[in-house]
Amino acid sequence: MDNIDRKAAVADFFQRFDRSMTARLLLDYDGTLAPFQADRHKAYPYPGIMPILDRIIRSGRTKITVVSGRPVSEIQNLLRELTDFEIWGAHGLEHLSADGVYRCTDIDPNILAILREAEDWLSQKELLPITEIKPGGIAVHWRGLSASEVEDVQSRIQGGWDKFNGIQGVKLLAFDGGIELRTACPDKGDVIRAVLKTTDAATPIAFLGDDFTDEDAFHVLNGRGLSVLVRPEYRPTNAEAWLQSPQELISFLESWADIA
Ligand SMILES: [Mg+2]
C-alpha cells in the first residue's frame with residue numbers, strides 16, 4: 001500500500017458518505033486516540049481530540065463506539081468528559097450502551113481456572129505489581145521499565161506462561177507495552193460482527209486502531225466499511241488506510257465532523 005492508496009481509501013469513503021443514515025465511528029483507545037504513557041491510568045487523548053469527538057456526538061448523526069482491550073470502567077474514567085457514547089471493553093467481553101446498560105459475557109470456568117493459575121505463578125514470581133487483572137484476562141505491563149528489566153520480565157514470562165500457549169480457549173496476546181493471557185473469544189473482530197449485525201448495509205462505518213489486536217477488526221470490516229491503521233509509523237496491516245497520528249487523525253475526525 002502506498003501513500004496514494006491510503007489517502008484514496010479515505011477520500012473515497014467520505015465521497016460515498018450517505019448523510020441520510022446515522023453513521024458509526026468505532027475507535028480503539030490506547031495508541032489510537034491516546035498516546036502511550038508509563039502510567040496507563042494517565043493515558044488521556046491527544047490534545048484536540050475531545051472537542052472533535054464531542055462535536056461529532058452532539059451532531060446526533062454519528063454513534064461513537066470505543067472498542068478497547070481495557071475494562072469499560074477505565075475507558076469511562078479516561079473519557080469522563082465525554083457522554084452519550086458506547087463502549088466495548090475487555091476486547092468485547094464487556095459492553096456498555098450509550099444509555100448506560102451494562103453487560104458482561106460469562107467466562108467458561110475452565111478458562112477462569114487457567115487465568116487463576118497464571119495469576120498464582122505471577123504472584124510467586126513477585127510480578128503482581130506490574131500485573132493487571134481484567135475481565136477474561138491477565139496482563140503484564142512493562143512500559144516504563146528499563147530495557148534490561150523488560151528483557152528480564154519477558155524471559156521469565158516466556159518460561160512461566162509457555163505451558164498456556166496452544167491451550168484451547170485461551171490465547172497469548174502481545175500488545176504494545178506488554179503481554180496478556182486471555183480468553184480467546186471474543187476478540188475485536190467479534191465486536192465488529194456484532195455491530196454490523198445491527199447496522200443497515202448503507203450506514204457509513206469506520207474502525208480506527210493501532211495494534212495487532214485491531215487486525216481482527218480490520219479484517220472483518222473490510223469490504224463493508226473503512227478500516228484505518230492509526231500510528232506514527234506505518235507497518236504492514238489488514239487496514240485499507242493509514243493515518244499518521246496525531247495530525248492526520250485529527251484532520252480525519254474534523255472531516256468526519258464536517259461531512260456527517
Ligand atoms: Mg490500541
# chains A, B, ... in the order shown; residues from 1 in each chain; ligands from 1
>>> residues_around(residues="stretch 240-250 of chain A", least_positions_apart="2", cutoff="8 Å", atoms="only C-alpha atoms", output="compact mmCIF listing (two decimals) with N, CA, C and O atoms, in the first residue's frame")
# COMPACT_ATOMS: atom_id res chain seq x y z
N ASP A 5 -2.73 5.21 -2.29
CA ASP A 5 -3.82 4.26 -2.00
C ASP A 5 -4.48 4.58 -0.66
O ASP A 5 -5.69 4.58 -0.55
N ARG A 6 -3.66 4.82 0.35
CA ARG A 6 -4.24 5.01 1.68
C ARG A 6 -5.01 6.30 1.77
O ARG A 6 -6.01 6.41 2.45
N LYS A 7 -4.59 7.30 1.03
CA LYS A 7 -5.34 8.56 1.01
C LYS A 7 -6.61 8.40 0.18
O LYS A 7 -7.65 8.93 0.53
N ALA A 9 -8.41 5.74 -0.18
CA ALA A 9 -9.42 4.99 0.57
C ALA A 9 -10.23 5.93 1.46
O ALA A 9 -11.46 5.81 1.55
N VAL A 10 -9.56 6.88 2.09
CA VAL A 10 -10.26 7.83 2.97
C VAL A 10 -11.12 8.78 2.14
O VAL A 10 -12.30 9.00 2.45
N THR A 32 -4.33 4.88 19.73
CA THR A 32 -5.14 5.42 18.63
C THR A 32 -5.62 6.82 19.01
O THR A 32 -5.21 7.79 18.39
N TYR A 46 -4.98 12.63 22.80
CA TYR A 46 -4.16 13.70 22.26
C TYR A 46 -4.91 15.03 22.41
O TYR A 46 -6.15 15.06 22.30
N GLY A 48 -6.87 18.18 21.56
CA GLY A 48 -7.72 18.49 20.41
C GLY A 48 -8.71 17.40 20.05
O GLY A 48 -9.66 17.64 19.31
N ILE A 49 -8.50 16.20 20.59
CA ILE A 49 -9.38 15.08 20.22
C ILE A 49 -10.77 15.22 20.87
O ILE A 49 -11.80 15.04 20.21
N ASN A 222 -13.37 -5.04 6.42
CA ASN A 222 -13.01 -4.81 5.01
C ASN A 222 -14.10 -5.31 4.07
O ASN A 222 -14.65 -6.38 4.25
N LEU A 226 -14.76 1.32 6.33
CA LEU A 226 -13.38 1.80 6.20
C LEU A 226 -12.55 1.34 7.40
O LEU A 226 -12.90 1.62 8.55
N SER A 227 -11.46 0.63 7.13
CA SER A 227 -10.55 0.21 8.20
C SER A 227 -9.31 1.08 8.15
O SER A 227 -8.72 1.28 7.09
N VAL A 228 -8.92 1.61 9.31
CA VAL A 228 -7.83 2.59 9.34
C VAL A 228 -6.80 2.25 10.41
O VAL A 228 -7.13 2.15 11.60
N LEU A 229 -5.56 2.11 9.99
CA LEU A 229 -4.45 1.97 10.93
C LEU A 229 -4.02 3.38 11.35
O LEU A 229 -3.81 4.24 10.50
N VAL A 230 -3.95 3.60 12.66
CA VAL A 230 -3.53 4.91 13.18
C VAL A 230 -2.23 4.72 13.94
O VAL A 230 -2.21 4.04 14.97
N ARG A 231 -1.17 5.24 13.42
CA ARG A 231 0.15 5.08 14.07
C ARG A 231 1.08 6.17 13.59
O ARG A 231 0.94 6.63 12.47
N PRO A 232 2.06 6.53 14.42
CA PRO A 232 3.06 7.49 13.92
C PRO A 232 3.86 6.90 12.75
O PRO A 232 4.24 7.61 11.83
N GLU A 233 4.13 5.56 12.80
CA GLU A 233 4.86 4.92 11.70
C GLU A 233 4.00 3.83 11.09
O GLU A 233 3.29 3.13 11.80
N TYR A 234 4.14 3.68 9.79
CA TYR A 234 3.39 2.64 9.09
C TYR A 234 3.94 1.25 9.44
O TYR A 234 5.11 1.08 9.71
N ASN A 238 -3.89 -5.21 7.79
CA ASN A 238 -5.10 -5.51 7.01
C ASN A 238 -5.88 -4.25 6.68
O ASN A 238 -6.81 -4.29 5.88
N PHE A 252 -8.74 13.80 10.07
CA PHE A 252 -9.78 12.83 9.70
C PHE A 252 -11.05 13.08 10.51
O PHE A 252 -12.15 13.12 9.97
N LEU A 253 -10.87 13.25 11.83
CA LEU A 253 -12.04 13.45 12.70
C LEU A 253 -12.73 14.77 12.38
O LEU A 253 -13.96 14.88 12.42
N GLU A 254 -11.93 15.79 12.03
CA GLU A 254 -12.54 17.08 11.65
C GLU A 254 -13.35 16.93 10.37
O GLU A 254 -14.46 17.46 10.25
>>> closest_atom_pairs(of="chain A", to="ligand 1", cutoff="10 Å", atoms="only C-alpha atoms and all ligand atoms", output="tab-separated table")
residue	atom	partner	partner_atom_place_in_ligand_line	distance
A:Leu27	CA	ligand 1	1 (Mg)	9.1
A:Asp28	CA	ligand 1	1 (Mg)	5.5
A:Tyr29	CA	ligand 1	1 (Mg)	5.5
A:Asp30	CA	ligand 1	1 (Mg)	4.1
A:Gly31	CA	ligand 1	1 (Mg)	4.5
A:Thr32	CA	ligand 1	1 (Mg)	5.5
A:Leu33	CA	ligand 1	1 (Mg)	8.3
A:Ala34	CA	ligand 1	1 (Mg)	8.5
A:Pro35	CA	ligand 1	1 (Mg)	9.2
A:Phe36	CA	ligand 1	1 (Mg)	9.0
A:Val67	CA	ligand 1	1 (Mg)	9.1
A:Ser68	CA	ligand 1	1 (Mg)	7.1
A:Gly69	CA	ligand 1	1 (Mg)	7.8
A:Arg70	CA	ligand 1	1 (Mg)	9.5
A:Phe175	CA	ligand 1	1 (Mg)	8.2
A:Asp176	CA	ligand 1	1 (Mg)	7.7
A:Leu208	CA	ligand 1	1 (Mg)	9.1
A:Gly209	CA	ligand 1	1 (Mg)	5.8
A:Asp210	CA	ligand 1	1 (Mg)	4.9
A:Asp211	CA	ligand 1	1 (Mg)	4.9
A:Phe212	CA	ligand 1	1 (Mg)	8.2
A:Thr213	CA	ligand 1	1 (Mg)	7.7
A:Asp214	CA	ligand 1	1 (Mg)	7.2
A:Leu229	CA	ligand 1	1 (Mg)	9.9
A:Val230	CA	ligand 1	1 (Mg)	8.9
A:Arg231	CA	ligand 1	1 (Mg)	9.4
>>> write_last_selection(atoms="C-alpha atoms", output="PDB file, in the first residue's frame")
ATOM      1  CA  LEU A  27     -12.395   3.770  17.788  1.00  0.00           C
ATOM      2  CA  ASP A  28      -9.702   1.852  19.617  1.00  0.00           C
ATOM      3  CA  TYR A  29      -8.383   3.835  22.592  1.00  0.00           C
ATOM      4  CA  ASP A  30      -4.703   3.285  23.538  1.00  0.00           C
ATOM      5  CA  GLY A  31      -2.256   4.208  20.801  1.00  0.00           C
ATOM      6  CA  THR A  32      -5.138   5.416  18.630  1.00  0.00           C
ATOM      7  CA  LEU A  33      -6.938   8.234  20.485  1.00  0.00           C
ATOM      8  CA  ALA A  34      -4.377   8.448  23.271  1.00  0.00           C
ATOM      9  CA  PRO A  35      -0.575   8.290  23.199  1.00  0.00           C
ATOM     10  CA  PHE A  36       1.034   5.660  25.437  1.00  0.00           C
ATOM     11  CA  VAL A  67     -13.555  -0.683  21.307  1.00  0.00           C
ATOM     12  CA  SER A  68     -10.742  -1.405  23.752  1.00  0.00           C
ATOM     13  CA  GLY A  69      -8.791  -4.139  25.488  1.00  0.00           C
ATOM     14  CA  ARG A  70      -9.215  -2.094  28.667  1.00  0.00           C
ATOM     15  CA  PHE A 175       0.489  -5.778  22.769  1.00  0.00           C
ATOM     16  CA  ASP A 176       2.375  -2.510  22.679  1.00  0.00           C
ATOM     17  CA  LEU A 208      -9.647   3.065  13.678  1.00  0.00           C
ATOM     18  CA  GLY A 209      -6.955   1.117  15.554  1.00  0.00           C
ATOM     19  CA  ASP A 210      -3.211   0.835  16.025  1.00  0.00           C
ATOM     20  CA  ASP A 211      -2.305  -2.535  17.497  1.00  0.00           C
ATOM     21  CA  PHE A 212      -2.137  -6.202  16.447  1.00  0.00           C
ATOM     22  CA  THR A 213      -5.420  -6.899  18.271  1.00  0.00           C
ATOM     23  CA  ASP A 214      -7.103  -4.426  15.894  1.00  0.00           C
ATOM     24  CA  LEU A 229      -4.450   1.970  10.932  1.00  0.00           C
ATOM     25  CA  VAL A 230      -3.531   4.909  13.180  1.00  0.00           C
ATOM     26  CA  ARG A 231       0.152   5.081  14.074  1.00  0.00           C
TER      27      ARG A 231
END
>>> closest_residue(among="A:Gly225, A:Pro109, A:Gly144, A:Pro135", to="A:Gly169", atoms="only C-alpha atoms")
A:Pro109
>>> select_by_dssp(residues="stretch 125-174 of chain A", states="strand (DSSP E or B)", output="PDB file with all heavy atoms, in the first residue's frame")
ATOM      1  N   THR A 131       1.152  -6.376  37.136  1.00  0.00           N
ATOM      2  CA  THR A 131       0.078  -7.209  36.582  1.00  0.00           C
ATOM      3  C   THR A 131      -1.259  -6.487  36.677  1.00  0.00           C
ATOM      4  O   THR A 131      -1.530  -5.804  37.659  1.00  0.00           O
ATOM      5  CB  THR A 131      -0.002  -8.542  37.371  1.00  0.00           C
ATOM      6  OG1 THR A 131       1.209  -9.252  37.159  1.00  0.00           O
ATOM      7  CG2 THR A 131      -1.177  -9.395  36.915  1.00  0.00           C
ATOM      8  N   GLU A 132      -2.074  -6.672  35.656  1.00  0.00           N
ATOM      9  CA  GLU A 132      -3.432  -6.128  35.673  1.00  0.00           C
ATOM     10  C   GLU A 132      -4.407  -7.287  35.482  1.00  0.00           C
ATOM     11  O   GLU A 132      -4.321  -8.023  34.503  1.00  0.00           O
ATOM     12  CB  GLU A 132      -3.615  -5.123  34.526  1.00  0.00           C
ATOM     13  CG  GLU A 132      -5.000  -4.516  34.474  1.00  0.00           C
ATOM     14  CD  GLU A 132      -5.278  -3.779  33.167  1.00  0.00           C
ATOM     15  OE1 GLU A 132      -4.475  -3.888  32.216  1.00  0.00           O
ATOM     16  OE2 GLU A 132      -6.320  -3.111  33.095  1.00  0.00           O
ATOM     17  N   ILE A 133      -5.312  -7.458  36.456  1.00  0.00           N
ATOM     18  CA  ILE A 133      -6.339  -8.487  36.343  1.00  0.00           C
ATOM     19  C   ILE A 133      -7.537  -7.838  35.652  1.00  0.00           C
ATOM     20  O   ILE A 133      -8.050  -6.822  36.124  1.00  0.00           O
ATOM     21  CB  ILE A 133      -6.779  -9.016  37.737  1.00  0.00           C
ATOM     22  CG1 ILE A 133      -5.566  -9.342  38.609  1.00  0.00           C
ATOM     23  CG2 ILE A 133      -7.739 -10.191  37.593  1.00  0.00           C
ATOM     24  CD1 ILE A 133      -4.744 -10.508  38.183  1.00  0.00           C
ATOM     25  N   LYS A 134      -7.941  -8.403  34.534  1.00  0.00           N
ATOM     26  CA  LYS A 134      -9.020  -7.813  33.734  1.00  0.00           C
ATOM     27  C   LYS A 134     -10.142  -8.818  33.569  1.00  0.00           C
ATOM     28  O   LYS A 134      -9.924 -10.007  33.776  1.00  0.00           O
ATOM     29  CB  LYS A 134      -8.474  -7.460  32.341  1.00  0.00           C
ATOM     30  CG  LYS A 134      -7.271  -6.568  32.374  1.00  0.00           C
ATOM     31  CD  LYS A 134      -6.535  -6.582  31.060  1.00  0.00           C
ATOM     32  CE  LYS A 134      -7.338  -5.929  29.946  1.00  0.00           C
ATOM     33  NZ  LYS A 134      -6.474  -5.645  28.771  1.00  0.00           N
ATOM     34  N   GLY A 137      -9.067 -11.856  31.400  1.00  0.00           N
ATOM     35  CA  GLY A 137      -7.654 -11.832  31.027  1.00  0.00           C
ATOM     36  C   GLY A 137      -6.753 -11.361  32.148  1.00  0.00           C
ATOM     37  O   GLY A 137      -7.208 -10.842  33.168  1.00  0.00           O
ATOM     38  N   ILE A 138      -5.459 -11.566  31.941  1.00  0.00           N
ATOM     39  CA  ILE A 138      -4.462 -11.105  32.896  1.00  0.00           C
ATOM     40  C   ILE A 138      -3.293 -10.545  32.089  1.00  0.00           C
ATOM     41  O   ILE A 138      -2.749 -11.228  31.214  1.00  0.00           O
ATOM     42  CB  ILE A 138      -4.076 -12.256  33.867  1.00  0.00           C
ATOM     43  CG1 ILE A 138      -3.045 -11.811  34.871  1.00  0.00           C
ATOM     44  CG2 ILE A 138      -3.615 -13.500  33.155  1.00  0.00           C
ATOM     45  CD1 ILE A 138      -2.994 -12.735  36.080  1.00  0.00           C
ATOM     46  N   ALA A 139      -2.966  -9.291  32.346  1.00  0.00           N
ATOM     47  CA  ALA A 139      -1.953  -8.612  31.529  1.00  0.00           C
ATOM     48  C   ALA A 139      -0.755  -8.229  32.377  1.00  0.00           C
ATOM     49  O   ALA A 139      -0.898  -7.833  33.536  1.00  0.00           O
ATOM     50  CB  ALA A 139      -2.559  -7.362  30.892  1.00  0.00           C
ATOM     51  N   VAL A 140       0.421  -8.363  31.787  1.00  0.00           N
ATOM     52  CA  VAL A 140       1.652  -7.888  32.424  1.00  0.00           C
ATOM     53  C   VAL A 140       2.142  -6.699  31.612  1.00  0.00           C
ATOM     54  O   VAL A 140       2.292  -6.790  30.389  1.00  0.00           O
ATOM     55  CB  VAL A 140       2.720  -9.005  32.475  1.00  0.00           C
ATOM     56  CG1 VAL A 140       4.004  -8.485  33.112  1.00  0.00           C
ATOM     57  CG2 VAL A 140       2.195 -10.212  33.240  1.00  0.00           C
ATOM     58  N   HIS A 141       2.335  -5.578  32.290  1.00  0.00           N
ATOM     59  CA  HIS A 141       2.736  -4.335  31.612  1.00  0.00           C
ATOM     60  C   HIS A 141       4.198  -4.036  31.901  1.00  0.00           C
ATOM     61  O   HIS A 141       4.612  -4.070  33.052  1.00  0.00           O
ATOM     62  CB  HIS A 141       1.907  -3.152  32.130  1.00  0.00           C
ATOM     63  CG  HIS A 141       0.452  -3.259  31.807  1.00  0.00           C
ATOM     64  ND1 HIS A 141      -0.108  -2.743  30.662  1.00  0.00           N
ATOM     65  CD2 HIS A 141      -0.569  -3.839  32.491  1.00  0.00           C
ATOM     66  CE1 HIS A 141      -1.399  -2.984  30.650  1.00  0.00           C
ATOM     67  NE2 HIS A 141      -1.713  -3.645  31.752  1.00  0.00           N
ATOM     68  N   VAL A 170      -7.850 -20.216  25.260  1.00  0.00           N
ATOM     69  CA  VAL A 170      -7.092 -19.039  25.714  1.00  0.00           C
ATOM     70  C   VAL A 170      -6.060 -18.663  24.649  1.00  0.00           C
ATOM     71  O   VAL A 170      -5.704 -19.475  23.798  1.00  0.00           O
ATOM     72  CB  VAL A 170      -6.353 -19.254  27.063  1.00  0.00           C
ATOM     73  CG1 VAL A 170      -7.323 -19.453  28.196  1.00  0.00           C
ATOM     74  CG2 VAL A 170      -5.345 -20.385  26.978  1.00  0.00           C
ATOM     75  N   LYS A 171      -5.611 -17.425  24.723  1.00  0.00           N
ATOM     76  CA  LYS A 171      -4.537 -17.017  23.807  1.00  0.00           C
ATOM     77  C   LYS A 171      -3.610 -16.022  24.484  1.00  0.00           C
ATOM     78  O   LYS A 171      -4.006 -15.308  25.403  1.00  0.00           O
ATOM     79  CB  LYS A 171      -5.120 -16.426  22.524  1.00  0.00           C
ATOM     80  CG  LYS A 171      -5.914 -15.156  22.725  1.00  0.00           C
ATOM     81  CD  LYS A 171      -6.501 -14.673  21.415  1.00  0.00           C
ATOM     82  CE  LYS A 171      -7.504 -13.574  21.660  1.00  0.00           C
ATOM     83  NZ  LYS A 171      -8.264 -13.205  20.492  1.00  0.00           N
ATOM     84  N   LEU A 172      -2.372 -16.041  24.011  1.00  0.00           N
ATOM     85  CA  LEU A 172      -1.377 -15.084  24.484  1.00  0.00           C
ATOM     86  C   LEU A 172      -1.324 -13.946  23.480  1.00  0.00           C
ATOM     87  O   LEU A 172      -1.109 -14.173  22.295  1.00  0.00           O
ATOM     88  CB  LEU A 172      -0.004 -15.755  24.575  1.00  0.00           C
ATOM     89  CG  LEU A 172       0.316 -16.484  25.871  1.00  0.00           C
ATOM     90  CD1 LEU A 172       1.585 -17.306  25.717  1.00  0.00           C
ATOM     91  CD2 LEU A 172       0.472 -15.506  27.032  1.00  0.00           C
ATOM     92  N   LEU A 173      -1.549 -12.736  23.958  1.00  0.00           N
ATOM     93  CA  LEU A 173      -1.599 -11.566  23.087  1.00  0.00           C
ATOM     94  C   LEU A 173      -0.459 -10.629  23.427  1.00  0.00           C
ATOM     95  O   LEU A 173      -0.415 -10.074  24.521  1.00  0.00           O
ATOM     96  CB  LEU A 173      -2.880 -10.773  23.375  1.00  0.00           C
ATOM     97  CG  LEU A 173      -4.195 -11.122  22.720  1.00  0.00           C
ATOM     98  CD1 LEU A 173      -5.250 -10.135  23.185  1.00  0.00           C
ATOM     99  CD2 LEU A 173      -4.035 -11.077  21.214  1.00  0.00           C
ATOM    100  N   ALA A 174       0.460 -10.463  22.486  1.00  0.00           N
ATOM    101  CA  ALA A 174       1.490  -9.444  22.681  1.00  0.00           C
ATOM    102  C   ALA A 174       0.868  -8.109  22.300  1.00  0.00           C
ATOM    103  O   ALA A 174       0.210  -8.018  21.272  1.00  0.00           O
ATOM    104  CB  ALA A 174       2.677  -9.745  21.787  1.00  0.00           C
TER     105      ALA A 174
END
>>> select_by_dssp(residues="stretch 52-253 of chain A", states="alpha helix (DSSP H)", output="PyMOL selection string")
chain A and resi 52-59+72-78+109-124+147-161+188-197+215-221+247-253
>>> write_last_selection(atoms="C-alpha atoms", output="compact mmCIF listing (two decimals), in the first residue's frame")
# COMPACT_ATOMS: atom_id res chain seq x y z
CA ILE A 52 -13.99 17.00 18.00
CA LEU A 53 -15.46 13.77 19.42
CA ASP A 54 -17.91 15.85 21.43
CA ARG A 55 -18.87 17.81 18.33
CA ILE A 56 -19.45 14.58 16.37
CA ILE A 57 -21.64 13.17 19.16
CA ARG A 58 -23.60 16.44 19.55
CA SER A 59 -24.41 16.48 15.82
CA VAL A 72 -15.14 -0.50 30.43
CA SER A 73 -14.59 1.28 33.76
CA GLU A 74 -11.13 2.53 32.73
CA ILE A 75 -12.41 3.91 29.42
CA GLN A 76 -15.24 5.66 31.29
CA ASN A 77 -12.71 7.21 33.62
CA LEU A 78 -10.29 8.35 30.89
CA PRO A 109 -14.95 -21.96 34.42
CA ASN A 110 -12.07 -23.90 32.79
CA ILE A 111 -10.70 -20.67 31.38
CA LEU A 112 -11.10 -18.92 34.74
CA ALA A 113 -9.06 -21.75 36.31
CA ILE A 114 -6.25 -21.24 33.77
CA LEU A 115 -6.24 -17.49 34.42
CA ARG A 116 -6.07 -18.14 38.17
CA GLU A 117 -3.11 -20.47 37.65
CA ALA A 118 -1.35 -17.78 35.60
CA GLU A 119 -2.05 -15.24 38.34
CA ASP A 120 -0.69 -17.58 41.05
CA TRP A 121 2.51 -18.00 39.05
CA LEU A 122 2.90 -14.21 38.70
CA SER A 123 2.30 -13.85 42.43
CA GLN A 124 5.01 -16.42 43.26
CA ALA A 147 15.41 -2.14 28.73
CA SER A 148 17.16 -4.71 30.92
CA GLU A 149 14.12 -5.01 33.25
CA VAL A 150 11.87 -5.53 30.22
CA GLU A 151 14.16 -8.26 28.92
CA ASP A 152 14.16 -9.95 32.33
CA VAL A 153 10.35 -9.85 32.66
CA GLN A 154 9.85 -11.07 29.10
CA SER A 155 12.13 -14.07 29.50
CA ARG A 156 10.55 -15.01 32.86
CA ILE A 157 7.03 -14.77 31.39
CA GLN A 158 8.11 -16.80 28.40
CA GLY A 159 9.31 -19.55 30.73
CA GLY A 160 6.34 -19.46 33.11
CA TRP A 161 3.49 -18.93 30.68
CA LYS A 188 -12.30 -7.20 18.30
CA GLY A 189 -13.37 -8.96 15.09
CA ASP A 190 -16.35 -10.38 17.05
CA VAL A 191 -17.20 -6.82 18.16
CA ILE A 192 -17.31 -5.65 14.54
CA ARG A 193 -19.50 -8.66 13.63
CA ALA A 194 -21.91 -7.79 16.46
CA VAL A 195 -22.07 -4.14 15.39
CA LEU A 196 -22.60 -4.98 11.71
CA LYS A 197 -25.42 -7.36 12.63
CA GLU A 215 -6.17 -6.52 12.87
CA ASP A 216 -9.11 -8.90 13.54
CA ALA A 217 -11.44 -5.90 13.39
CA PHE A 218 -9.88 -4.56 10.17
CA HIS A 219 -10.24 -7.98 8.57
CA VAL A 220 -13.95 -8.29 9.44
CA LEU A 221 -14.78 -4.73 8.39
CA GLN A 247 -2.06 15.22 12.93
CA GLU A 248 -3.79 13.11 10.27
CA LEU A 249 -6.07 11.55 12.89
CA ILE A 250 -7.27 14.99 13.96
CA SER A 251 -7.80 16.03 10.31
CA PHE A 252 -9.78 12.83 9.70
CA LEU A 253 -12.04 13.45 12.70
>>> decode(residues="stretch 158-232 of chain A", atoms="C-alpha atoms", output="tab-separated table (two decimals), in the first residue's frame")
chain	number	residue	atom	x	y	z
A	158	GLN	CA	8.11	-16.80	28.40
A	159	GLY	CA	9.31	-19.55	30.73
A	160	GLY	CA	6.34	-19.46	33.11
A	161	TRP	CA	3.49	-18.93	30.68
A	162	ASP	CA	4.75	-21.11	27.84
A	163	LYS	CA	2.57	-24.00	29.04
A	164	PHE	CA	-0.57	-21.94	28.33
A	165	ASN	CA	0.42	-21.44	24.70
A	166	GLY	CA	-1.77	-23.56	22.46
A	167	ILE	CA	-4.37	-24.44	25.13
A	168	GLN	CA	-7.79	-24.27	23.53
A	169	GLY	CA	-9.92	-21.34	24.63
A	170	VAL	CA	-7.09	-19.04	25.71
A	171	LYS	CA	-4.54	-17.02	23.81
A	172	LEU	CA	-1.38	-15.08	24.48
A	173	LEU	CA	-1.60	-11.57	23.09
A	174	ALA	CA	1.49	-9.44	22.68
A	175	PHE	CA	0.49	-5.78	22.77
A	176	ASP	CA	2.38	-2.51	22.68
A	177	GLY	CA	3.97	-2.44	26.15
A	178	GLY	CA	3.16	-5.88	27.50
A	179	ILE	CA	1.59	-9.30	27.14
A	180	GLU	CA	-1.83	-10.66	28.05
A	181	LEU	CA	-3.19	-14.13	28.59
A	182	ARG	CA	-6.90	-14.06	27.91
A	183	THR	CA	-9.96	-15.90	26.77
A	184	ALA	CA	-9.73	-16.46	23.01
A	185	CYS	CA	-13.31	-15.28	22.50
A	186	PRO	CA	-14.43	-12.65	21.91
A	187	ASP	CA	-11.90	-10.57	20.00
A	188	LYS	CA	-12.30	-7.20	18.30
A	189	GLY	CA	-13.37	-8.96	15.09
A	190	ASP	CA	-16.35	-10.38	17.05
A	191	VAL	CA	-17.20	-6.82	18.16
A	192	ILE	CA	-17.31	-5.65	14.54
A	193	ARG	CA	-19.50	-8.66	13.63
A	194	ALA	CA	-21.91	-7.79	16.46
A	195	VAL	CA	-22.07	-4.14	15.39
A	196	LEU	CA	-22.60	-4.98	11.71
A	197	LYS	CA	-25.42	-7.36	12.63
A	198	THR	CA	-27.47	-4.41	13.92
A	199	THR	CA	-26.30	-1.87	11.32
A	200	ASP	CA	-28.00	-1.15	8.00
A	201	ALA	CA	-25.85	-2.01	4.96
A	202	ALA	CA	-25.93	1.62	3.75
A	203	THR	CA	-24.65	3.03	7.06
A	204	PRO	CA	-21.23	4.68	6.80
A	205	ILE	CA	-18.96	2.83	9.24
A	206	ALA	CA	-15.27	3.04	10.07
A	207	PHE	CA	-12.93	1.48	12.62
A	208	LEU	CA	-9.65	3.06	13.68
A	209	GLY	CA	-6.96	1.12	15.55
A	210	ASP	CA	-3.21	0.84	16.02
A	211	ASP	CA	-2.31	-2.54	17.50
A	212	PHE	CA	-2.14	-6.20	16.45
A	213	THR	CA	-5.42	-6.90	18.27
A	214	ASP	CA	-7.10	-4.43	15.89
A	215	GLU	CA	-6.17	-6.52	12.87
A	216	ASP	CA	-9.11	-8.90	13.54
A	217	ALA	CA	-11.44	-5.90	13.39
A	218	PHE	CA	-9.88	-4.56	10.17
A	219	HIS	CA	-10.24	-7.98	8.57
A	220	VAL	CA	-13.95	-8.29	9.44
A	221	LEU	CA	-14.78	-4.73	8.39
A	222	ASN	CA	-13.01	-4.81	5.01
A	223	GLY	CA	-15.47	-4.82	2.13
A	224	ARG	CA	-18.15	-3.25	4.32
A	225	GLY	CA	-16.59	-0.17	5.93
A	226	LEU	CA	-13.38	1.80	6.20
A	227	SER	CA	-10.55	0.21	8.20
A	228	VAL	CA	-7.83	2.59	9.34
A	229	LEU	CA	-4.45	1.97	10.93
A	230	VAL	CA	-3.53	4.91	13.18
A	231	ARG	CA	0.15	5.08	14.07
A	232	PRO	CA	3.06	7.49	13.92
